[in-house]
Structures are given as structure tokens and as C-alpha cells.
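Novice: After the C-alpha cells below, expect a handful of questions from me.
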Amino acid sequence: MPATVVVGTQWGDEGKGKLTDLLAREMDMVVRYQGGHNAGHRIVVNGEAFALQLVPSGVLYQHITPVIGNGVVVDPAVLLAELDALSSKGVDVSKVVVSGNAHLIMPYHQELDRLTERFLGKNALGTTKRGIGPTYADKSSRVGLRVQDLLDAKIFREKLDVVLHEKNLVLNKIYNRPSITAASICEKYLDELAPRIAPMIADTVGIVHGALAQGQRILLEGAQATFLDLDHGTYPFVTSSNPVAGGACTGSGLGPRDLTDIVGIAKAYVTRVGAGPFPTELEGDMAELLVSRGHEFGTNTGRRRRVGWFDAVMARQAARLNSLSEIALTKLDVLDTLAEIKVCVGYEADGVRYDFPPYHQSVLHDVVPIYETLPGWCSDLSTFTRYDQLPDAAKDYVAFLQDTIGVRISVVGVGPGREQFVRPS
């Protein structure tokens, strides 16, 4: 059986958690393939909100096996706290498994993340300071500690001694900060956290391939989104991993031929957290309206999101980078009160039109959006349960986006609730 990938097509916060929760009804396994607890998914079930950071969204279904893949970086304390919070709400977390090859976020990663951002000053990248970037850097430098190291105290201590020697020199000599002791880390990670994490550690590559061999259906869930991708995003204002659909293979251990459906998630407008280019960004009253109606504040950090009109230039690029088979459009209801809605259909810079983002960052920073203006529908979409009930103007907006992007829109979100979606025929 094929595996389905869910990927964000903008700068994150598109509603991947809600869509994953929707698709998970028909799946047997949900695999998180990259990122860390710097991204949050918010799902509303029967009026109760669940904020997930590391645990795959499918955990809310008893029939799902939630898998944290090898491409994820894991803060074990955060993972356990999240599992405890879910358990306290009656969610069964006994099936959660964690790849032994996933890398551990360590205290020095978090400290260096905070210090680096502070010292960058006006050039700060806007990271969440959760240690994600430094952990991926150590992974690439081949000095990282992995989840499986929690099962071998001797190896853990040996690896930790080697890496702490270098990290403490940086903390002492560059940032004038005190050393971090191996004893303090071992006490927390080996004595406190490892006994609880150990039963979850597994060969997740074997598990997902075994599931495929048995005809089970697998959903692969990324964090962040296409334009935060380390290679294809608005570098350097990106994350430290590959959220694009290709990253689902390296982050889970599946092969490209195992992936059949690639579902892109897009908001009916665009948001971004932190620094970086944003061609369609809005300010003033319109921005405040979208922030207020869309509740545009980070699930984890509470940071206010920047907002802008829908950018079809980005969406076209996301479609080809991910080979999207379909798109789920979320938060259409946020636009309910607008008399007119703009869509960016191209960029212009120095007399040149761009239908895809220019590769050079200097050009991208200076582009001027080319807009088409569509009529709004000025009515509440949140009560509708069928696509044909939507006002003509709302259906025209969805059709315009579909035609402009060139990818079928298969799901439309009309509210924050678990059941608030409609499907175009």
C-alpha cells in the first residue's frame, strides 16, 4: 500500500495538524519525519484543544501507531511532558514509538541557540531558541548523541565527554558563560528520562516497512513548511531540516516509490513567524483583522504571526518542489467579512515578471506583488457542511486559486473544529 505525505506549502502554521488528524481516520500509522518541538499543531476535538509538538497528530485515534522518525530531533523532557499532558486528557499514548536514530536535543544546544540569537542582534534569524538548529548542526558534524544512546550509559558518557569539551570552550571563551557539567546532564538524561523513554525506542524503519508489507496505510507528517526548508526556503530565514516531501523519505526510511499521494496544506491567506522576506505582507487594519479572526499566534511560542494575501507564486513553487497531488485549503472562513480579497498571481522586479520565486535573494527582497482582486462573500461559512452550500463568491475564490496554482483543491476548511471542512466535488 502507498504512503501519503502531508506538507505545508507556505511558511508553516497552515493547519497540518488538523488535516493530519482528518486523514488519519483512514490510516494505520502516522510518522513524524523531521523537525523538533519548535513547531506546534493545534487540533480542536469536541471543543477541547490539543497542542502537539513532537507527538504525531494521529495519536488522537486509538487505531493509529504514532511514530517519531529518525529525522526528528527530540528533547526527551518535552516529549514526556507532552505524553503526560495527553494522558491526563484520556488519550492513549501507549503505542508511541521513537526512532533510536533520532538525535537528542541537549542542554548545550539550547544554551548555544539562545546565545547565538542574542549575539546576532539585528541579524537574528528569529529561531524559537529550542536548540533545534544546533542539534542538527551536531548531527551533520557527526558529534550528536542519539536516542539509542540513552540505552547505553557508558556510550552516552563517552560521547558526552567528547562533545562537552568543545561546547564548553565555546561557552567559556566566546560567550563568557559557565561550563555545563557532564554529571548534571547524566543525572537528568540517564537517571530521570532514560527509564521512561526506553520502552518507546524502536527500529522505526523496520516498523514502517513492516506496516507497508502488511498492507497498512501510512501517513507521513512534517513540521514547518516548504519555504522554511533548509535547501529550498528563504535562506537563511529557514529551519535546519527538510520539510519538503523529499524529506519524508530520509526522515522515515521509506523509499521514493513508497510515496504516492503528496497533500499540500495552504491557508487561504499567508502567515509567517519571525524574520525573512514576505512579498504579500499586510500592515495596518487589514493585518490586525486577519490576525484577530485567524487567531494568528504561535501554538508553542505565542508569537504574533505576520499576515498577507495569498501568494500563488509561492504555491506554484511548492507544487513543483513537492510534486503535489492535491491541496487542502484551510481557514477560508477567516476571510468571511471581507468585501474584496486579493491574490498575488506574479511578482515584478526591474520590469521583469516572475511566475515562480526568483532564485536570487536580492531580487526576492525587492519584488512587487502583482495582484488580482476578487469579490468577497461577506457571510459566515462556519455552519456549512457541504461544498455546494458555500456562496458563489467563496467557490469562485477556491476555483481561482486552483486554476492559478494548477493543483486540485480537495479539502476546504471552514472553521477550527475537527469536523469543519467541506470537499469540492
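Please note that chains go A, B, ... in the order of the C-alpha cells, that every chain numbers its residues from 1, and that ligands are numbered from 1 in the order shown.
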Which polymer residues have any atom within 12 Å of an atom of range 408-411 of chain A, counting only C-alpha atoms, with same-chain residues fewer than 6 positions away left out, as a PyMOL selection string?

Specialist: chain A and resi 15+18-19+22-23+262-268+319+324-332+385-387+395+397-402+419-425

Novice: Please dump the current selection as an mmCIF file, in the first residue's frame; keep C-alpha atoms.

Specialist:
```
data_model
loop_
_atom_site.group_PDB
_atom_site.id
_atom_site.type_symbol
_atom_site.label_atom_id
_atom_site.label_comp_id
_atom_site.auth_asym_id
_atom_site.auth_seq_id
_atom_site.Cartn_x
_atom_site.Cartn_y
_atom_site.Cartn_z
ATOM 1 C CA GLY A 15 -3.141 23.649 9.662
ATOM 2 C CA LYS A 18 -5.897 19.340 11.670
ATOM 3 C CA LEU A 19 -5.511 17.827 8.210
ATOM 4 C CA LEU A 22 -8.598 14.212 9.366
ATOM 5 C CA LEU A 23 -6.607 11.907 7.093
ATOM 6 C CA ILE A 262 1.502 14.270 -1.626
ATOM 7 C CA VAL A 263 -1.063 16.537 0.027
ATOM 8 C CA GLY A 264 -0.081 20.187 0.329
ATOM 9 C CA ILE A 265 -1.623 22.401 3.002
ATOM 10 C CA ALA A 266 -2.233 26.085 2.279
ATOM 11 C CA LYS A 267 -4.023 28.784 4.205
ATOM 12 C CA ALA A 268 -6.493 30.925 2.252
ATOM 13 C CA ALA A 319 3.614 22.387 -6.056
ATOM 14 C CA LEU A 324 1.775 17.871 -5.024
ATOM 15 C CA SER A 325 -1.115 15.622 -5.980
ATOM 16 C CA GLU A 326 -3.698 17.807 -4.212
ATOM 17 C CA ILE A 327 -4.087 20.776 -1.883
ATOM 18 C CA ALA A 328 -6.102 21.235 1.299
ATOM 19 C CA LEU A 329 -7.101 24.875 1.733
ATOM 20 C CA THR A 330 -7.574 25.965 5.345
ATOM 21 C CA LYS A 331 -9.084 28.949 7.142
ATOM 22 C CA LEU A 332 -11.282 30.123 4.280
ATOM 23 C CA THR A 385 -21.226 21.033 5.930
ATOM 24 C CA ARG A 386 -21.254 20.672 2.123
ATOM 25 C CA TYR A 387 -19.245 22.473 -0.521
ATOM 26 C CA LYS A 395 -16.459 28.833 -4.521
ATOM 27 C CA TYR A 397 -12.193 32.099 -4.885
ATOM 28 C CA VAL A 398 -11.330 28.414 -4.392
ATOM 29 C CA ALA A 399 -11.621 27.770 -8.145
ATOM 30 C CA PHE A 400 -9.404 30.761 -8.925
ATOM 31 C CA LEU A 401 -6.685 29.508 -6.572
ATOM 32 C CA GLN A 402 -6.908 26.019 -8.023
ATOM 33 C CA GLU A 419 -15.367 18.439 11.509
ATOM 34 C CA GLN A 420 -15.383 21.914 9.964
ATOM 35 C CA PHE A 421 -14.343 21.115 6.417
ATOM 36 C CA VAL A 422 -16.040 20.563 3.075
ATOM 37 C CA ARG A 423 -14.917 18.718 -0.031
ATOM 38 C CA PRO A 424 -15.313 20.156 -3.556
ATOM 39 C CA SER A 425 -16.825 17.619 -5.934
#
```

Novice: Check the DSSP output for the backbone and give back, as a count of residues only, the residues of range 53-160 of chain A in helix (DSSP H, G or I).

Specialist: 57

Novice: Identify which of the residues A:Ser252, A:Ser179, A:Asn242, A:Asn168 lies closest to Leu220 in chain A, counting only C-alpha atoms when measuring atom-to-atom distances.

Specialist: A:Ser252

Novice: Show me, as CSV, the residues of range 281-337 of chain A having an atom within 8 Å of range 345-349 of chain A, each with the closest atom pair and its distance in Å, using only C-alpha atoms.

Specialist:
```
residue,atom,partner,partner_atom,distance
A:Asp311,CA,A:Val345,CA,6.8
A:Ala312,CA,A:Val345,CA,5.3
A:Val313,CA,A:Gly346,CA,5.8
```

Novice: Show which residues sit within 12 Å of Asp366 in chain A, as a PyMOL selection string. Count only C-alpha atoms, and ignore same-chain residues fewer than 6 positions away.

Specialist: chain A and resi 277-280+347-352+357-358+360

Novice: Residues as selected, N, CA and C atoms, written as an mmCIF file, in the first residue's frame, can you do that?

Specialist:
```cif
data_model
loop_
_atom_site.group_PDB
_atom_site.id
_atom_site.type_symbol
_atom_site.label_atom_id
_atom_site.label_comp_id
_atom_site.auth_asym_id
_atom_site.auth_seq_id
_atom_site.Cartn_x
_atom_site.Cartn_y
_atom_site.Cartn_z
ATOM 1 N N PRO A 277 11.897 37.495 4.106
ATOM 2 C CA PRO A 277 11.080 38.169 3.090
ATOM 3 C C PRO A 277 9.638 37.686 3.112
ATOM 4 N N PHE A 278 8.721 38.588 2.755
ATOM 5 C CA PHE A 278 7.294 38.285 2.756
ATOM 6 C C PHE A 278 6.642 39.244 1.754
ATOM 7 N N PRO A 279 6.642 38.907 0.463
ATOM 8 C CA PRO A 279 6.194 39.848 -0.573
ATOM 9 C C PRO A 279 4.782 40.367 -0.400
ATOM 10 N N THR A 280 3.841 39.561 0.099
ATOM 11 C CA THR A 280 2.443 39.998 0.177
ATOM 12 C C THR A 280 2.047 40.459 1.576
ATOM 13 N N TYR A 347 5.125 38.198 -9.525
ATOM 14 C CA TYR A 347 5.989 39.240 -8.970
ATOM 15 C C TYR A 347 6.540 40.070 -10.131
ATOM 16 N N GLU A 348 6.896 41.317 -9.802
ATOM 17 C CA GLU A 348 7.589 42.168 -10.773
ATOM 18 C C GLU A 348 8.804 42.786 -10.106
ATOM 19 N N ALA A 349 9.928 42.765 -10.824
ATOM 20 C CA ALA A 349 11.149 43.412 -10.338
ATOM 21 C C ALA A 349 11.961 43.878 -11.537
ATOM 22 N N ASP A 350 12.261 45.177 -11.563
ATOM 23 C CA ASP A 350 13.048 45.774 -12.649
ATOM 24 C C ASP A 350 12.462 45.459 -14.018
ATOM 25 N N GLY A 351 11.140 45.523 -14.108
ATOM 26 C CA GLY A 351 10.485 45.310 -15.384
ATOM 27 C C GLY A 351 10.335 43.862 -15.799
ATOM 28 N N VAL A 352 10.755 42.937 -14.963
ATOM 29 C CA VAL A 352 10.664 41.507 -15.270
ATOM 30 C C VAL A 352 9.555 40.884 -14.431
ATOM 31 N N PRO A 357 9.225 32.094 -7.755
ATOM 32 C CA PRO A 357 10.132 32.963 -6.996
ATOM 33 C C PRO A 357 11.502 33.062 -7.663
ATOM 34 N N PRO A 358 12.059 34.268 -7.771
ATOM 35 C CA PRO A 358 13.425 34.400 -8.297
ATOM 36 C C PRO A 358 14.413 33.697 -7.374
ATOM 37 N N HIS A 360 17.489 34.424 -6.767
ATOM 38 C CA HIS A 360 18.453 35.276 -6.056
ATOM 39 C C HIS A 360 17.746 36.063 -4.960
#
```

Novice: Looking only at strand (DSSP E or B) from DSSP on the backbone, list the matching residues of range 55-225 of chain A as an MDAnalysis selection string.

Specialist: chainID A and resid 65:68 72:74 97:99 103:104 146 201:202 218:221

Novice: Which residue out of A:Leu254, A:Val143, A:Cys249, A:Ala225 has the minimum interatomic distance to Thr271 in chain A when only C-alpha atoms are used?

Specialist: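 For Thr271 in chain A, the nearest of the candidates is A:Ala225.
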
Novice: What's the 10 Å shell around Trp377 in chain A, counting only C-alpha atoms, without same-chain residues fewer than 5 positions away, as a JSON list (two decimals) with N, CA, C and O atoms, in the first residue's frame?

Specialist:
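Writing the result to selection.json gives the following:
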```json
[["chain", "number", "residue", "atom", "x", "y", "z"],
["A", 335, "LEU", "N", -11.72, 34.83, 6.01],
["A", 335, "LEU", "CA", -11.94, 35.91, 5.04],
["A", 335, "LEU", "C", -13.41, 36.29, 4.93],
["A", 335, "LEU", "O", -13.78, 37.11, 4.07],
["A", 336, "ASP", "N", -14.26, 35.73, 5.80],
["A", 336, "ASP", "CA", -15.71, 35.89, 5.66],
["A", 336, "ASP", "C", -16.19, 37.34, 5.60],
["A", 336, "ASP", "O", -17.21, 37.62, 4.95],
["A", 337, "THR", "N", -15.53, 38.25, 6.29],
["A", 337, "THR", "CA", -16.06, 39.62, 6.41],
["A", 337, "THR", "C", -15.52, 40.57, 5.35],
["A", 337, "THR", "O", -15.90, 41.75, 5.34],
["A", 338, "LEU", "N", -14.67, 40.09, 4.46],
["A", 338, "LEU", "CA", -14.01, 40.99, 3.51],
["A", 338, "LEU", "C", -14.85, 41.19, 2.25],
["A", 338, "LEU", "O", -15.33, 40.23, 1.64],
["A", 339, "ALA", "N", -14.99, 42.45, 1.83],
["A", 339, "ALA", "CA", -15.73, 42.76, 0.60],
["A", 339, "ALA", "C", -14.90, 42.44, -0.64],
["A", 339, "ALA", "O", -15.44, 42.09, -1.69],
["A", 340, "GLU", "N", -13.57, 42.57, -0.52],
["A", 340, "GLU", "CA", -12.66, 42.27, -1.61],
["A", 340, "GLU", "C", -11.47, 41.48, -1.07],
["A", 340, "GLU", "O", -11.03, 41.71, 0.06],
["A", 341, "ILE", "N", -10.97, 40.58, -1.88],
["A", 341, "ILE", "CA", -9.84, 39.74, -1.48],
["A", 341, "ILE", "C", -8.81, 39.75, -2.61],
["A", 341, "ILE", "O", -9.17, 39.55, -3.78],
["A", 390, "LEU", "N", -21.68, 26.63, -0.04],
["A", 390, "LEU", "CA", -20.88, 27.85, 0.03],
["A", 390, "LEU", "C", -21.41, 28.90, -0.93],
["A", 390, "LEU", "O", -21.91, 28.57, -2.01],
["A", 391, "PRO", "N", -21.28, 30.18, -0.57],
["A", 391, "PRO", "CA", -21.65, 31.24, -1.50],
["A", 391, "PRO", "C", -20.83, 31.14, -2.79],
["A", 391, "PRO", "O", -19.70, 30.65, -2.78],
["A", 392, "ASP", "N", -21.41, 31.61, -3.89],
["A", 392, "ASP", "CA", -20.73, 31.52, -5.18],
["A", 392, "ASP", "C", -19.37, 32.20, -5.14],
["A", 392, "ASP", "O", -18.40, 31.71, -5.73],
["A", 393, "ALA", "N", -19.28, 33.34, -4.45],
["A", 393, "ALA", "CA", -18.01, 34.06, -4.40],
["A", 393, "ALA", "C", -16.93, 33.25, -3.70],
["A", 393, "ALA", "O", -15.75, 33.30, -4.08],
["A", 394, "ALA", "N", -17.31, 32.49, -2.68],
["A", 394, "ALA", "CA", -16.33, 31.64, -1.97],
["A", 394, "ALA", "C", -15.87, 30.51, -2.87],
["A", 394, "ALA", "O", -14.68, 30.19, -2.94],
["A", 395, "LYS", "N", -16.83, 29.90, -3.59],
["A", 395, "LYS", "CA", -16.46, 28.83, -4.52],
["A", 395, "LYS", "C", -15.61, 29.38, -5.67],
["A", 395, "LYS", "O", -14.68, 28.70, -6.14],
["A", 396, "ASP", "N", -15.91, 30.59, -6.11],
["A", 396, "ASP", "CA", -15.11, 31.21, -7.17],
["A", 396, "ASP", "C", -13.68, 31.47, -6.70],
["A", 396, "ASP", "O", -12.72, 31.32, -7.48],
["A", 397, "TYR", "N", -13.53, 31.86, -5.44],
["A", 397, "TYR", "CA", -12.19, 32.10, -4.89],
["A", 397, "TYR", "C", -11.38, 30.80, -4.87],
["A", 397, "TYR", "O", -10.23, 30.76, -5.30]]
```

Novice: Each residue of range 184-213 of chain A with at least one atom at most 9 Å from range 146-163 of chain A should appear once, together with its nearest atom pair and the corresponding distance in Å (one decimal); atoms considered: only C-alpha atoms; ordering: chain, then increasing residue number; output as a Markdown table.

Specialist:
```
| residue | atom | partner | partner_atom | distance |
| --- | --- | --- | --- | --- |
| A:Ile185 | CA | A:Leu160 | CA | 8.8 |
| A:Cys186 | CA | A:Arg157 | CA | 7.4 |
| A:Tyr189 | CA | A:Leu150 | CA | 7.4 |
| A:Leu190 | CA | A:Leu150 | CA | 6.3 |
| A:Leu193 | CA | A:Leu150 | CA | 8.6 |
| A:Ala194 | CA | A:Leu150 | CA | 5.6 |
| A:Pro195 | CA | A:Leu150 | CA | 8.6 |
| A:Ile197 | CA | A:Leu150 | CA | 8.3 |
| A:Ala198 | CA | A:Leu151 | CA | 6.7 |
| A:Ile201 | CA | A:Gln148 | CA | 7.1 |
| A:Ala202 | CA | A:Gln148 | CA | 8.5 |
```
